[in-house]
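Enquirer: Here you go, this is upload.txt (compact mmCIF, C-alpha atoms).
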```
# COMPACT_ATOMS: atom_id res chain seq x y z
CA MET D 1 111.22 99.61 93.03
CA ALA D 2 112.08 99.01 89.42
CA LYS D 3 114.53 101.36 87.80
CA ALA D 4 115.24 102.21 84.17
CA VAL D 5 118.15 103.79 82.35
CA ILE D 6 117.84 105.61 79.04
CA ILE D 7 120.85 105.49 76.74
CA SER D 8 120.70 107.98 73.89
CA GLY D 9 123.08 107.66 70.93
CA ALA D 10 121.94 110.86 69.22
CA THR D 11 124.71 112.66 67.35
CA SER D 12 123.47 116.20 67.93
CA VAL D 13 121.81 118.07 70.78
CA ASN D 14 118.81 119.02 68.68
CA SER D 15 118.20 115.60 67.15
CA ARG D 16 114.60 114.71 66.43
CA LEU D 17 115.31 111.71 68.63
CA ASN D 18 114.68 114.15 71.51
CA GLY D 19 111.03 114.13 70.52
CA ILE D 20 110.93 110.39 71.27
CA GLU D 21 113.06 110.72 74.39
CA ASN D 22 110.79 113.44 75.82
CA GLU D 23 107.77 111.15 75.43
CA VAL D 24 109.69 108.39 77.21
CA LEU D 25 110.62 110.69 80.11
CA ALA D 26 107.01 111.87 80.43
CA PHE D 27 105.75 108.28 80.41
CA LEU D 28 108.22 107.09 83.07
CA THR D 29 107.42 110.09 85.27
CA ARG D 30 103.67 109.48 84.89
CA GLU D 31 104.10 105.80 85.76
CA ARG D 32 106.40 106.68 88.68
CA ILE D 33 109.20 104.55 87.28
CA GLU D 34 112.54 105.77 88.55
CA PHE D 35 115.05 106.45 85.77
CA GLU D 36 118.46 107.83 84.95
CA GLN D 37 119.80 109.09 81.63
CA ILE D 38 123.00 108.53 79.71
CA LYS D 39 123.43 110.95 76.84
CA VAL D 40 126.47 109.54 75.11
CA ARG D 41 127.15 112.88 73.39
CA GLU D 42 127.71 114.43 76.81
CA LEU D 43 130.30 111.88 77.99
CA PRO D 44 133.96 112.86 77.43
CA PRO D 45 134.68 112.08 73.74
CA GLU D 46 138.30 111.13 74.52
CA ASP D 47 137.21 108.49 77.03
CA LEU D 48 134.74 107.05 74.53
CA ILE D 49 136.97 106.95 71.49
CA TYR D 50 140.10 105.76 73.32
CA GLY D 51 138.06 103.14 75.16
CA LYS D 52 139.06 104.35 78.61
CA PHE D 53 137.43 101.79 80.87
CA ASP D 54 138.83 103.51 83.96
CA SER D 55 137.36 106.95 83.22
CA PRO D 56 135.31 108.28 86.17
CA GLU D 57 132.50 109.54 83.91
CA ILE D 58 132.27 106.16 82.14
CA ALA D 59 132.25 104.45 85.53
CA ILE D 60 129.30 106.63 86.61
CA ALA D 61 127.42 105.79 83.42
CA ASN D 62 128.17 102.07 83.78
CA LYS D 63 126.95 102.22 87.38
CA LYS D 64 123.62 103.62 86.12
CA VAL D 65 123.31 100.64 83.78
CA GLU D 66 124.35 98.17 86.44
CA SER D 67 121.76 99.38 88.92
CA ALA D 68 118.94 99.47 86.36
CA ASP D 69 116.37 96.72 85.80
CA ALA D 70 115.62 97.94 82.32
CA VAL D 71 117.38 99.78 79.53
CA ILE D 72 115.83 101.95 76.84
CA VAL D 73 118.27 102.30 73.94
CA LEU D 74 117.71 105.17 71.52
CA THR D 75 119.57 105.70 68.26
CA PRO D 76 119.04 107.41 64.95
CA VAL D 77 119.85 105.38 61.83
CA TYR D 78 123.20 106.27 60.33
CA LYS D 79 124.45 104.38 57.27
CA ALA D 80 121.82 101.65 57.76
CA SER D 81 122.91 100.93 61.35
CA PHE D 82 123.14 102.40 64.87
CA THR D 83 125.39 105.45 65.34
CA GLY D 84 129.10 105.24 66.03
CA VAL D 85 128.45 107.54 68.99
CA LEU D 86 126.19 104.92 70.60
CA LYS D 87 128.57 102.09 69.77
CA THR D 88 131.58 103.77 71.40
CA TYR D 89 129.66 103.72 74.68
CA LEU D 90 128.32 100.17 74.26
CA ASP D 91 131.94 99.12 73.65
CA LEU D 92 132.77 100.28 77.17
CA LEU D 93 130.10 98.25 78.95
CA PRO D 94 131.31 95.17 80.79
CA GLN D 95 130.76 91.77 79.24
CA LYS D 96 127.13 90.71 79.69
CA GLY D 97 126.37 94.23 80.97
CA PHE D 98 122.74 93.89 79.84
CA ALA D 99 122.13 90.45 81.39
CA ASN D 100 118.84 90.11 83.28
CA LYS D 101 117.64 93.49 82.09
CA ILE D 102 114.58 94.30 80.01
CA ILE D 103 115.61 96.12 76.86
CA LEU D 104 113.51 98.43 74.70
CA PRO D 105 115.09 99.69 71.45
CA LEU D 106 113.73 102.95 70.01
CA VAL D 107 115.03 103.98 66.61
CA ILE D 108 114.43 106.96 64.37
CA GLY D 109 115.27 107.01 60.67
CA GLY D 110 114.74 108.92 57.46
CA THR D 111 113.06 106.08 55.59
CA PHE D 112 110.81 103.15 56.53
CA GLY D 113 113.23 101.01 54.54
CA HIS D 114 115.53 100.87 57.51
CA LEU D 115 113.09 99.37 60.02
CA LEU D 116 115.12 96.17 60.16
CA VAL D 117 118.12 98.01 61.59
CA ILE D 118 116.53 97.10 64.94
CA ASP D 119 116.56 93.38 64.22
CA TYR D 120 119.67 93.04 62.09
CA ALA D 121 122.11 95.62 63.45
CA LEU D 122 121.06 96.55 66.98
CA LYS D 123 119.62 93.34 68.47
CA PRO D 124 122.74 91.21 67.82
CA VAL D 125 124.78 93.75 69.79
CA LEU D 126 122.23 93.83 72.62
CA SER D 127 122.31 90.01 72.69
CA ALA D 128 126.10 90.04 72.83
CA LEU D 129 125.77 92.24 75.89
CA GLY D 130 123.80 89.45 77.54
CA ALA D 131 120.27 90.74 76.99
CA THR D 132 117.68 87.97 76.71
CA THR D 133 114.52 90.04 77.06
CA ILE D 134 114.49 92.46 74.15
CA LEU D 135 111.04 93.91 73.63
CA ASN D 136 109.55 94.87 70.29
CA GLY D 137 111.15 98.18 69.47
CA VAL D 138 109.54 101.21 67.93
CA TYR D 139 110.73 102.67 64.65
CA THR D 140 109.78 106.27 63.95
CA LEU D 141 110.35 108.40 60.87
CA ASP D 142 112.16 111.75 61.05
CA SER D 143 109.14 113.28 59.40
CA GLN D 144 106.92 112.11 62.28
CA VAL D 145 108.73 114.35 64.74
CA GLU D 146 108.13 118.04 64.26
CA ARG D 147 110.39 120.66 65.80
CA ILE D 148 108.32 123.37 67.45
CA GLU D 149 109.67 126.34 69.38
CA ASP D 150 111.95 126.30 72.45
CA ASN D 151 113.56 122.93 71.74
CA GLN D 152 110.19 121.26 71.95
CA TYR D 153 109.05 118.53 69.63
CA GLU D 154 105.70 117.22 68.54
CA LEU D 155 105.28 113.56 67.76
CA ASP D 156 102.86 112.45 65.06
CA SER D 157 99.81 110.76 66.60
CA GLU D 158 100.23 107.43 64.79
CA ALA D 159 103.89 107.23 65.86
CA ASN D 160 103.05 108.25 69.39
CA GLU D 161 100.34 105.60 69.61
CA ARG D 162 102.89 102.92 68.70
CA LEU D 163 105.39 104.38 71.16
CA GLN D 164 102.88 104.52 74.04
CA LYS D 165 101.85 100.92 73.36
CA ALA D 166 105.49 99.77 73.52
CA LEU D 167 106.09 101.79 76.68
CA THR D 168 102.99 100.32 78.35
CA ASP D 169 104.23 96.84 77.48
CA PHE D 170 107.66 97.83 78.84
CA ALA D 171 106.14 99.02 82.14
CA GLU D 172 104.19 95.76 82.47
CA HIS D 173 107.35 93.72 82.01
CA LEU D 174 109.09 95.87 84.58
CA ARG D 175 106.38 95.19 87.17
CA GLU D 176 106.37 91.43 86.68
CA MET S 1 144.12 102.93 41.25
CA LYS S 2 144.51 103.80 44.89
CA LEU S 3 143.97 101.17 47.56
CA LEU S 4 143.37 102.52 51.06
CA GLY S 5 143.86 100.30 54.10
CA ILE S 6 141.75 101.42 57.04
CA SER S 7 142.55 100.23 60.54
CA GLY S 8 139.30 101.02 62.34
CA THR S 9 140.39 101.21 65.93
CA ILE S 10 142.14 103.45 68.42
CA THR S 11 142.99 100.63 70.82
CA GLY S 12 144.99 97.46 70.21
CA SER S 13 147.45 96.75 67.42
CA LYS S 14 146.44 93.52 65.68
CA THR S 15 143.92 95.10 63.32
CA LEU S 16 146.55 97.44 61.86
CA VAL S 17 148.97 94.52 61.43
CA VAL S 18 146.41 92.58 59.37
CA VAL S 19 145.32 95.60 57.30
CA GLU S 20 148.93 96.53 56.51
CA LYS S 21 149.74 92.96 55.57
CA VAL S 22 146.81 92.62 53.15
CA VAL S 23 147.68 95.98 51.57
CA GLU S 24 151.29 94.88 51.21
CA LEU S 25 150.19 91.62 49.60
CA ALA S 26 147.99 93.57 47.17
CA ARG S 27 150.95 95.72 46.18
CA ARG S 28 153.11 92.66 45.73
CA PHE S 29 150.39 91.14 43.51
CA ASP S 30 150.22 94.32 41.43
CA PRO S 31 153.12 96.76 41.92
CA GLN S 32 151.28 99.35 39.78
CA ILE S 33 148.71 100.18 42.43
CA GLU S 34 149.12 103.09 44.76
CA THR S 35 148.49 102.31 48.43
CA GLU S 36 147.90 104.29 51.58
CA ILE S 37 147.13 103.42 55.21
CA LEU S 38 144.55 105.22 57.36
CA ASP S 39 145.29 104.23 60.94
CA LEU S 40 142.52 105.82 63.02
CA LYS S 41 144.90 105.82 65.97
CA LYS S 42 146.98 108.52 64.27
CA PHE S 43 144.13 110.95 63.67
CA ASP S 44 142.18 113.11 66.04
CA VAL S 45 138.77 112.41 64.53
CA GLN S 46 135.71 114.07 66.07
CA PHE S 47 132.33 112.49 66.57
CA CYS S 48 129.86 112.74 63.73
CA ASP S 49 127.27 115.35 64.69
CA GLY S 50 125.11 115.09 61.63
CA ARG S 51 126.54 118.12 59.79
CA HIS S 52 127.35 118.02 56.07
CA PRO S 53 130.59 116.07 55.43
CA ASP S 54 132.14 119.16 53.75
CA ALA S 55 131.74 121.19 56.95
CA TYR S 56 134.30 119.29 59.04
CA ALA S 57 137.83 120.60 59.55
CA GLY S 58 141.25 119.34 60.68
CA ASP S 59 141.89 115.61 61.01
CA THR S 60 138.21 114.83 60.57
CA LYS S 61 138.24 116.49 57.15
CA LYS S 62 141.51 114.77 56.35
CA VAL S 63 140.14 111.27 56.94
CA ILE S 64 136.94 112.02 55.02
CA ASP S 65 139.07 113.17 52.07
CA MET S 66 141.33 110.12 52.30
CA VAL S 67 138.32 107.82 52.07
CA SER S 68 136.61 109.82 49.32
CA SER S 69 139.70 109.90 47.10
CA ALA S 70 140.53 106.18 47.31
CA ASP S 71 139.31 103.69 44.70
CA SER S 72 139.29 100.52 46.75
CA PHE S 73 139.66 99.50 50.36
CA ILE S 74 140.86 96.98 52.88
CA ILE S 75 138.88 97.79 56.02
CA GLY S 76 139.70 96.23 59.37
CA THR S 77 137.94 96.25 62.74
CA PRO S 78 138.44 94.55 66.04
CA ILE S 79 135.33 92.75 67.30
CA PHE S 80 133.63 94.71 70.07
CA GLN S 81 130.35 93.38 71.53
CA ALA S 82 129.90 91.08 68.51
CA SER S 83 130.07 93.99 66.08
CA LEU S 84 132.37 96.58 64.53
CA SER S 85 134.17 99.14 66.71
CA GLY S 86 132.47 102.40 67.58
CA ALA S 87 135.44 104.29 66.14
CA LEU S 88 135.03 102.63 62.72
CA LYS S 89 131.26 103.15 62.77
CA ASN S 90 131.90 106.82 63.48
CA LEU S 91 134.11 107.01 60.38
CA PHE S 92 131.31 105.44 58.30
CA ASP S 93 128.89 107.99 59.80
CA LEU S 94 131.19 110.89 58.88
CA VAL S 95 131.77 110.17 55.19
CA PRO S 96 129.25 111.08 52.47
CA PRO S 97 127.24 108.19 50.98
CA SER S 98 129.23 108.64 47.75
CA ALA S 99 132.54 107.80 49.48
CA PHE S 100 132.32 104.05 48.86
CA ARG S 101 129.83 104.02 46.01
CA ASN S 102 130.75 101.47 43.32
CA LYS S 103 134.13 100.96 44.97
CA VAL S 104 135.55 97.64 46.12
CA ILE S 105 135.86 96.81 49.83
CA GLY S 106 137.65 93.83 51.34
CA PHE S 107 136.98 93.30 55.03
CA VAL S 108 139.20 91.93 57.79
CA ALA S 109 138.42 91.56 61.48
CA THR S 110 140.42 90.57 64.53
CA GLY S 111 138.94 88.91 67.57
CA GLY S 112 139.77 86.96 70.66
CA THR S 113 137.14 84.29 70.03
CA TYR S 114 136.50 82.14 66.95
CA GLN S 115 132.75 82.46 67.51
CA HIS S 116 132.55 85.95 66.05
CA TYR S 117 133.51 85.09 62.48
CA LEU S 118 130.08 86.11 61.16
CA VAL S 119 130.37 89.72 62.34
CA ILE S 120 131.71 90.67 58.91
CA GLU S 121 128.86 88.91 57.15
CA ASN S 122 126.09 90.33 59.33
CA GLN S 123 127.30 93.66 60.69
CA LEU S 124 129.82 95.04 58.18
CA LYS S 125 128.48 93.87 54.82
CA PRO S 126 125.06 95.51 55.37
CA ILE S 127 126.82 98.85 55.86
CA ALA S 128 128.80 98.29 52.66
CA GLY S 129 125.45 97.51 51.04
CA TYR S 130 124.06 100.84 52.18
CA PHE S 131 127.03 102.55 50.52
CA ARG S 132 126.47 100.43 47.38
CA ALA S 133 130.04 99.26 47.49
CA TYR S 134 131.25 96.10 45.75
CA THR S 135 132.18 93.77 48.58
CA ALA S 136 134.83 91.13 48.00
CA PRO S 137 133.24 87.70 48.53
CA GLY S 138 136.09 86.57 50.74
CA TYR S 139 137.11 88.07 54.03
CA VAL S 140 139.67 87.40 56.73
CA TYR S 141 138.98 86.81 60.39
CA ALA S 142 142.19 86.76 62.39
CA HIS S 143 142.31 85.26 65.85
CA THR S 144 144.83 85.99 68.61
CA ASP S 145 146.24 82.49 67.96
CA HIS S 146 147.36 83.55 64.51
CA PHE S 147 149.92 85.95 65.98
CA ASN S 148 153.13 85.43 67.89
CA GLN S 149 154.09 87.41 70.99
CA ASN S 150 155.56 90.20 68.85
CA ASN S 151 152.21 90.62 67.07
CA GLU S 152 153.50 89.11 63.85
CA ILE S 153 151.18 86.89 61.86
CA ILE S 154 152.59 83.38 61.97
CA ASP S 155 149.68 81.17 60.88
CA SER S 156 150.27 80.04 57.29
CA ASP S 157 146.57 79.43 56.52
CA ILE S 158 145.62 82.97 57.45
CA ILE S 159 148.41 84.32 55.24
CA VAL S 160 146.93 82.39 52.31
CA ARG S 161 143.49 83.85 53.11
CA MET S 162 144.95 87.36 53.26
CA GLU S 163 146.67 86.82 49.93
CA ASN S 164 143.42 85.64 48.36
CA LEU S 165 141.58 88.67 49.69
CA ALA S 166 144.29 91.01 48.38
CA LYS S 167 144.03 89.42 44.92
CA GLU S 168 140.22 89.56 44.95
CA VAL S 169 140.17 93.25 45.80
CA VAL S 170 142.78 94.17 43.18
CA HIS S 171 141.11 92.04 40.53
CA MET S 172 137.61 93.34 41.25
CA SER S 173 138.78 96.96 41.30
CA LYS S 174 140.34 96.58 37.89
CA MET S 175 137.41 94.77 36.33
CA LEU S 176 134.57 96.81 37.72
CA THR S 177 134.20 100.08 35.88
CA PRO S 178 132.18 102.39 38.08
CA VAL S 179 128.55 102.35 36.92
CA GLY S 180 128.58 106.13 36.58
CA GLU S 181 131.35 105.88 33.98
CA LEU S 182 129.69 103.24 31.78
```
Can the structure in the file be given as structure tokens, please?
Expert:
Amino acid sequence: MAKAVIISGATSVNSRLNGIENEVLAFLTRERIEFEQIKVRELPPEDLIYGKFDSPEIAIANKKVESADAVIVLTPVYKASFTGVLKTYLDLLPQKGFANKIILPLVIGGTFGHLLVIDYALKPVLSALGATTILNGVYTLDSQVERIEDNQYELDSEANERLQKALTDFAEHLRE
Amino acid sequence: MKLLGISGTITGSKTLVVVEKVVELARRFDPQIETEILDLKKFDVQFCDGRHPDAYAGDTKKVIDMVSSADSFIIGTPIFQASLSGALKNLFDLVPPSAFRNKVIGFVATGGTYQHYLVIENQLKPIAGYFRAYTAPGYVYAHTDHFNQNNEIIDSDIIVRMENLAKEVVHMSKMLTPVGEL
């Protein structure tokens, strides 16, 4: 059965990116697609920043990527690009670590002006990692994710519609 | 005028060698300029967590202040996954948008393959653009072949390119009055 891994490059635990991630988790559960998660923020910062390839926690994360058929990469936009947090983990993946995997980029930003971060900043890095099947990503605005109580988030219906469409397409690719 | 050389990596040593060399060449070109080196390896910088840049403490605050108080920059990165290092991107994430505004940046990169020359053009310059920095038109891409076994730069062509970059950055910094001060 096909398996997915979700890599989140959020910088804080209560990032609005969680609103997107929660929808992804719900979708994968509904579709009975097995998945694992890598929250880069929760990996040992020392191992990430010093590039410790032999760290046990990094090895566990890399194993999750290796055994997955598909990767969902989530990042907020920071300084018109992906976050440094995300990049420190991507730097620790083996060469061509994304080869033969279906990739779905999901990005959240403060302005629509930064939509092309997906194509100009993120995709070249995904390609360098060996990815050849990079699906159309989804770009969501901060303002389209509302924080409600108890660490829950509500996604704007227009944004959610685009996200669900991309996820459906993702699931179809995964079943092919 | 203060020129800050930033070596944007915790691992490896070639990036620092190139950054230091370009800064040294800039000082030789104009002995009046003040220079400083920010070697990320020497600072215990935390991950950006989205808080206001003023709210960081310790080494993290120190590096933010070093960047904010400089007038021009030589910024170096090793090539990781056809892009800048995560450590350097984290530094960019930490500093306020005003840190590089209307300041001059010269970029250098070090890599093990000649094929990644365009990383500066396509991955670093857009970030400088976000900051509204003045980017020097030239840049230096140093390959492992340009060094000897003691990590000294031995290739004469690359030394000329480093010298040109140093001159460009010094010249641009002097000529470009910050827009806010016009």
Enquirer: Given a cut-off of 6 Å, which residues of chain S touch chain D, counting all atoms listed in the file, written out as a list in words?
Expert: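 So the contacting residues turn out to be Ile10, Asp49, Phe80, Gln81, Ala82, Gly86, Lys89, Asn90 and Asp93 of chain S.
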Enquirer: Select, from S:Ser69, S:Gln123, S:Thr77, S:Ser85, the residue with the minimum atom-to-atom distance to S:Leu16, counting only C-alpha atoms.
Expert: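 That would be S:Thr77, the residue with the smallest distance to S:Leu16.
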Enquirer: Could you tell me how far atom CA of S:Met162 sits from atom CA of S:Lys42, in Å to one decimal place?
Expert: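 Answer for the atom CA of S:Lys42 to atom CA of S:Met162 separation: 23.9 Å.
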Enquirer: Identify, on the basis of all atoms listed in the file, every residue whose closest approach to D:Asp47 does not exceed 8 Å; exclude the query and any residue fewer than 6 positions from it along the same chain; express the result as number ranges by chain.
Expert: D: 53, 55, 58
Enquirer: So how far away is atom CA of S:Pro96 from atom CA of D:Thr111, in Å?
Expert: 17.2 Å
Enquirer: Using all atoms listed in the file, which of the listed residues (D:Phe112, D:Phe98, D:Tyr153, D:Phe35) sits closest to D:Val5?
Expert: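 Checking each of D:Phe112, D:Phe98, D:Tyr153, D:Phe35 against D:Val5, counting all atoms listed in the file, the winner is D:Phe35.
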Enquirer: Would you mind reading off the distance between atom CA of D:Gly97 and atom CA of D:Leu135, one decimal, in Å?
Expert: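 These two atoms are separated by 17.0 Å.
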Enquirer: Report as a count of residues only all protein, DNA and RNA residues lying within 10 Å of stretch 63-68 of chain S, evaluated on all atoms listed in the file, omitting residues in the same chain fewer than 4 positions from it.
Expert: 30
Enquirer: Looking at all atoms listed in the file, which of S:Gly50, S:Gly138, S:Pro31, S:Pro78 is the one that sits closest to S:Ile105?
Expert: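 Among the listed residues, the smallest separation from S:Ile105 belongs to S:Gly138.
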Enquirer: What's around D:Pro76 at 6 Å? Count only C-alpha atoms, leave out sequence neighbours fewer than 5 positions away in its own chain, and write the answer as an MDAnalysis selection string.
Expert: chainID D and resid 107:109
Enquirer: Which residues are near D:Asn14? Cut-off 12 Å, all atoms listed in the file, ignore same chain within fewer than 6 positions. Put them as a list in words.
Expert: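 After dropping sequence-adjacent residues, the list is Ile20, Glu21, Arg41, Val145, Glu146, Arg147, Ile148, Glu149, Asp150, Asn151, Gln152 and Tyr153 of chain D; Asp49, Gly50 and Arg51 of chain S.
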Enquirer: Within 12 Å of D:Gly137, counting only C-alpha atoms, which residues qualify if same-chain residues fewer than 3 places away don't, as an NGL selection string?
Expert: :D and (71-75 or 102-108 or 115-119 or 122-123 or 133-134 or 140 or 162-167 or 169-170)
Enquirer: Show me, as JSON, the centre and edge lengths in Å to one decimal of the axis-aligned box that covers every listed atom of stretch 103-117 of chain D with 3 Å on each side.
Expert:
```
{"center_x": 114.5, "center_y": 102.5, "center_z": 65.7, "size_x": 13.3, "size_y": 18.8, "size_z": 28.3}
```
Enquirer: Can you rebuild stretch 59-72 of chain D with N, CA, C and O atoms and give it as a compact mmCIF listing (two decimals), in the frame of the given file?
Expert:
```
# COMPACT_ATOMS: atom_id res chain seq x y z
N ALA D 59 132.60 105.28 84.38
CA ALA D 59 132.25 104.45 85.53
C ALA D 59 130.88 104.85 86.10
O ALA D 59 130.07 103.98 86.44
N ILE D 60 130.61 106.16 86.12
CA ILE D 60 129.30 106.63 86.61
C ILE D 60 128.18 106.13 85.69
O ILE D 60 127.17 105.61 86.15
N ALA D 61 128.42 106.25 84.39
CA ALA D 61 127.42 105.79 83.42
C ALA D 61 127.20 104.28 83.56
O ALA D 61 126.05 103.81 83.61
N ASN D 62 128.30 103.53 83.67
CA ASN D 62 128.17 102.07 83.78
C ASN D 62 127.44 101.67 85.07
O ASN D 62 126.74 100.67 85.10
N LYS D 63 127.63 102.47 86.10
CA LYS D 63 126.95 102.22 87.38
C LYS D 63 125.42 102.37 87.19
O LYS D 63 124.64 101.60 87.72
N LYS D 64 125.06 103.40 86.41
CA LYS D 64 123.62 103.62 86.12
C LYS D 64 123.03 102.39 85.44
O LYS D 64 121.92 101.97 85.73
N VAL D 65 123.79 101.83 84.50
CA VAL D 65 123.31 100.64 83.78
C VAL D 65 123.23 99.46 84.73
O VAL D 65 122.23 98.74 84.77
N GLU D 66 124.29 99.31 85.52
CA GLU D 66 124.35 98.17 86.44
C GLU D 66 123.18 98.15 87.41
O GLU D 66 122.59 97.10 87.68
N SER D 67 122.82 99.34 87.90
CA SER D 67 121.76 99.38 88.92
C SER D 67 120.36 99.40 88.31
O SER D 67 119.37 99.40 89.04
N ALA D 68 120.26 99.41 87.00
CA ALA D 68 118.94 99.47 86.36
C ALA D 68 118.39 98.07 86.10
O ALA D 68 119.14 97.13 85.87
N ASP D 69 117.04 97.98 86.14
CA ASP D 69 116.37 96.72 85.80
C ASP D 69 116.01 96.69 84.32
O ASP D 69 115.70 95.63 83.78
N ALA D 70 116.01 97.86 83.72
CA ALA D 70 115.62 97.94 82.32
C ALA D 70 116.40 99.03 81.62
O ALA D 70 116.82 100.00 82.24
N VAL D 71 116.60 98.82 80.31
CA VAL D 71 117.38 99.78 79.53
C VAL D 71 116.59 100.17 78.29
O VAL D 71 116.10 99.31 77.55
N ILE D 72 116.44 101.47 78.08
CA ILE D 72 115.83 101.95 76.84
C ILE D 72 116.96 102.51 75.98
O ILE D 72 117.67 103.42 76.40
```
